[in-house]
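What follows is the content of model-v4.pdb, which has PDB, C-alpha atoms:
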ATOM      1  CA  MET A   4     -11.337  11.510   9.777  1.00  0.00           C
ATOM      2  CA  PRO A   5      -8.559  12.353   7.316  1.00  0.00           C
ATOM      3  CA  ASN A   6      -9.433  13.946   3.990  1.00  0.00           C
ATOM      4  CA  LEU A   7      -9.000  11.011   1.589  1.00  0.00           C
ATOM      5  CA  THR A   8      -9.608  10.728  -2.145  1.00  0.00           C
ATOM      6  CA  GLN A   9     -12.073   8.215  -3.560  1.00  0.00           C
ATOM      7  CA  GLU A  10      -9.123   6.139  -4.796  1.00  0.00           C
ATOM      8  CA  GLN A  11      -7.592   6.037  -1.317  1.00  0.00           C
ATOM      9  CA  MET A  12     -10.932   5.025   0.236  1.00  0.00           C
ATOM     10  CA  THR A  13     -11.361   2.278  -2.380  1.00  0.00           C
ATOM     11  CA  LEU A  14      -7.916   0.906  -1.552  1.00  0.00           C
ATOM     12  CA  LEU A  15      -8.656   0.928   2.193  1.00  0.00           C
ATOM     13  CA  LYS A  16     -11.956  -0.901   1.659  1.00  0.00           C
ATOM     14  CA  TRP A  17     -10.165  -3.517  -0.451  1.00  0.00           C
ATOM     15  CA  MET A  18      -7.512  -3.969   2.233  1.00  0.00           C
ATOM     16  CA  LYS A  19     -10.218  -4.427   4.893  1.00  0.00           C
ATOM     17  CA  GLY A  20     -11.064  -7.674   3.106  1.00  0.00           C
ATOM     18  CA  GLY A  21      -7.739  -9.066   4.349  1.00  0.00           C
ATOM     19  CA  HIS A  22      -5.758  -8.126   1.243  1.00  0.00           C
ATOM     20  CA  GLN A  23      -2.201  -6.856   1.198  1.00  0.00           C
ATOM     21  CA  PHE A  24       0.042  -5.581  -1.564  1.00  0.00           C
ATOM     22  CA  GLN A  25       3.776  -5.214  -2.058  1.00  0.00           C
ATOM     23  CA  VAL A  26       5.829  -2.395  -3.563  1.00  0.00           C
ATOM     24  CA  CYS A  27       9.428  -2.824  -4.679  1.00  0.00           C
ATOM     25  CA  SER A  28      11.535  -0.230  -2.865  1.00  0.00           C
ATOM     26  CA  ASP A  29      15.004  -1.426  -3.902  1.00  0.00           C
ATOM     27  CA  TYR A  30      17.303   0.317  -6.377  1.00  0.00           C
ATOM     28  CA  CYS A  31      16.690  -1.961  -9.335  1.00  0.00           C
ATOM     29  CA  PRO A  32      14.669  -2.061 -12.566  1.00  0.00           C
ATOM     30  CA  HIS A  33      11.596  -3.144 -10.551  1.00  0.00           C
ATOM     31  CA  ARG A  34      11.599  -0.056  -8.278  1.00  0.00           C
ATOM     32  CA  GLY A  35       8.030   1.103  -7.743  1.00  0.00           C
ATOM     33  CA  ALA A  36       6.521  -2.117  -9.128  1.00  0.00           C
ATOM     34  CA  VAL A  37       3.383  -3.275  -7.321  1.00  0.00           C
ATOM     35  CA  TYR A  38       2.386  -6.864  -6.669  1.00  0.00           C
ATOM     36  CA  PRO A  39      -0.280  -8.127  -7.271  1.00  0.00           C
ATOM     37  CA  LYS A  40      -1.162  -5.866 -10.185  1.00  0.00           C
ATOM     38  CA  THR A  41      -4.219  -7.732 -11.421  1.00  0.00           C
ATOM     39  CA  ARG A  42      -6.199  -7.859  -8.175  1.00  0.00           C
ATOM     40  CA  LEU A  43      -5.782  -4.251  -7.047  1.00  0.00           C
ATOM     41  CA  PRO A  44      -8.920  -2.113  -7.362  1.00  0.00           C
ATOM     42  CA  VAL A  45      -6.938   1.083  -8.087  1.00  0.00           C
ATOM     43  CA  THR A  46      -3.561   2.142  -9.428  1.00  0.00           C
ATOM     44  CA  ILE A  47      -1.059   2.639  -6.614  1.00  0.00           C
ATOM     45  CA  HIS A  48       0.817   5.949  -6.696  1.00  0.00           C
ATOM     46  CA  GLN A  49       3.615   7.034  -4.364  1.00  0.00           C
ATOM     47  CA  LYS A  50       1.485   9.996  -3.225  1.00  0.00           C
ATOM     48  CA  THR A  51      -1.282   7.585  -2.202  1.00  0.00           C
ATOM     49  CA  LEU A  52       1.127   5.485  -0.150  1.00  0.00           C
ATOM     50  CA  HIS A  53       2.682   8.558   1.449  1.00  0.00           C
ATOM     51  CA  LYS A  54      -0.713   9.991   2.451  1.00  0.00           C
ATOM     52  CA  LEU A  55      -2.004   6.705   3.920  1.00  0.00           C
ATOM     53  CA  LYS A  56       1.267   6.135   5.802  1.00  0.00           C
ATOM     54  CA  LYS A  57       1.359   9.725   7.072  1.00  0.00           C
ATOM     55  CA  GLU A  58      -2.207   9.415   8.377  1.00  0.00           C
ATOM     56  CA  GLY A  59      -1.303   6.161  10.145  1.00  0.00           C
ATOM     57  CA  LEU A  60      -3.793   4.106   8.114  1.00  0.00           C
ATOM     58  CA  VAL A  61      -1.289   1.627   6.663  1.00  0.00           C
ATOM     59  CA  SER A  62       2.042   0.234   7.740  1.00  0.00           C
ATOM     60  CA  PHE A  63       4.647  -1.791   5.921  1.00  0.00           C
ATOM     61  CA  GLU A  64       7.087  -4.560   6.664  1.00  0.00           C
ATOM     62  CA  PRO A  65      10.198  -4.905   4.484  1.00  0.00           C
ATOM     63  CA  LYS A  66      10.709  -8.344   2.922  1.00  0.00           C
ATOM     64  CA  LEU A  67      13.642  -9.571   0.843  1.00  0.00           C
ATOM     65  CA  VAL A  68      12.796 -11.672  -2.198  1.00  0.00           C
ATOM     66  CA  MET A  69      15.864 -12.995  -4.005  1.00  0.00           C
ATOM     67  CA  GLY A  70      17.869 -10.098  -2.551  1.00  0.00           C
ATOM     68  CA  ILE A  71      15.386  -7.422  -3.666  1.00  0.00           C
ATOM     69  CA  ARG A  72      13.485  -5.414  -1.060  1.00  0.00           C
ATOM     70  CA  TRP A  73       9.687  -5.408  -1.250  1.00  0.00           C
ATOM     71  CA  ASP A  74       7.560  -3.496   1.280  1.00  0.00           C
ATOM     72  CA  VAL A  75       4.435  -5.436   2.282  1.00  0.00           C
ATOM     73  CA  PHE A  76       1.619  -2.985   3.112  1.00  0.00           C
ATOM     74  CA  SER A  77      -1.209  -3.799   5.507  1.00  0.00           C
ATOM     75  CA  LEU A  78      -3.870  -1.883   7.424  1.00  0.00           C
ATOM     76  CA  THR A  79      -3.261  -0.530  10.891  1.00  0.00           C
ATOM     77  CA  GLU A  80      -5.980  -0.524  13.550  1.00  0.00           C
ATOM     78  CA  ARG A  81      -6.708   3.090  12.628  1.00  0.00           C
ATOM     79  CA  GLY A  82      -7.053   2.105   8.977  1.00  0.00           C
ATOM     80  CA  LYS A  83      -9.493  -0.674   9.886  1.00  0.00           C
ATOM     81  CA  ALA A  84     -11.644   1.852  11.762  1.00  0.00           C
ATOM     82  CA  ILE A  85     -12.181   4.071   8.681  1.00  0.00           C
ATOM     83  CA  GLN A  86     -15.716   3.753   7.357  1.00  0.00           C
TER      84      GLN A  86
END
Translate the structure of the given file into C-alpha cells.
Amino acid sequence: MPNLTQEQMTLLKWMKGGHQFQVCSDYCPHRGAVYPKTRLPVTIHQKTLHKLKKEGLVSFEPKLVMGIRWDVFSLTERGKAIQ
C-alpha cells in the first residue's frame, strides 16, 4: 500500500462513494480551480493530485466546457481497492 497522508485517504474514501471532481487545467484565470468546492471533504492541492496519479489511484479525463479544459478525476480499480 502506498504511503498516503490522512488528507489523501479522506479524498479516496469520498471518491469511493461515487463522487468525482474537476480541476481546471487550461491557461486562464480559472487555472487550478476545483469543482465542486462545497462538497469536497478536503482542500485539493497539486501535490495531492500528483501523488494519487503517480500511485495509479486516480485517473482523469479531459473535458472542454465553453472552450476551457477541465480534468475530471475518478478512482481507478487500484484506488477502489485501498482500504
Expected selection from the PyMOL selection byres ((chain A and resi 80) around 10), given as a PyMOL selection string: chain A and resi 59-62+77-79+81-85
Nearest-residue call for Val68 of chain A, choices A:Asn6, A:Cys27, A:Lys19, A:Arg34, using only C-alpha atoms: A:Cys27
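Minimum atom-to-atom distances from A:Gln86, A:Trp73, A:Leu55, A:Met12 to Tyr30 of chain A were compared using all atoms listed in the file, and the lowest value belongs to A:Trp73.
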Separation of atom CA of Ile71 of chain A from atom CA of Thr41 of chain A, in Å and rounded to one decimal: 21.1 Å
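Of the listed residues (A:Leu14, A:Gln9, A:Phe76, A:Ser28), A:Leu14 comes nearest to Val45 of chain A; the distances count all atoms listed in the file.
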Resolved residues for the PyMOL selection byres ((chain A and resi 48-53) around 9) as an NGL selection string: :A and (8 or 10-11 or 35 or 46-47 or 54-58 or 61)
Result set, the PyMOL selection byres ((chain A and resi 75) around 10) on current file, as a ChimeraX atom specification: /A:23-27,37-38,62-66,72-74,76-77
Box for segment 5-8 of chain A: with edges along x, y and z, all listed atoms inside and 6 Å added on each side, what are the centre and edge lengths in Å to one decimal, as JSON?
{"center_x": -9.1, "center_y": 12.3, "center_z": 2.6, "size_x": 13.0, "size_y": 15.2, "size_z": 21.5}
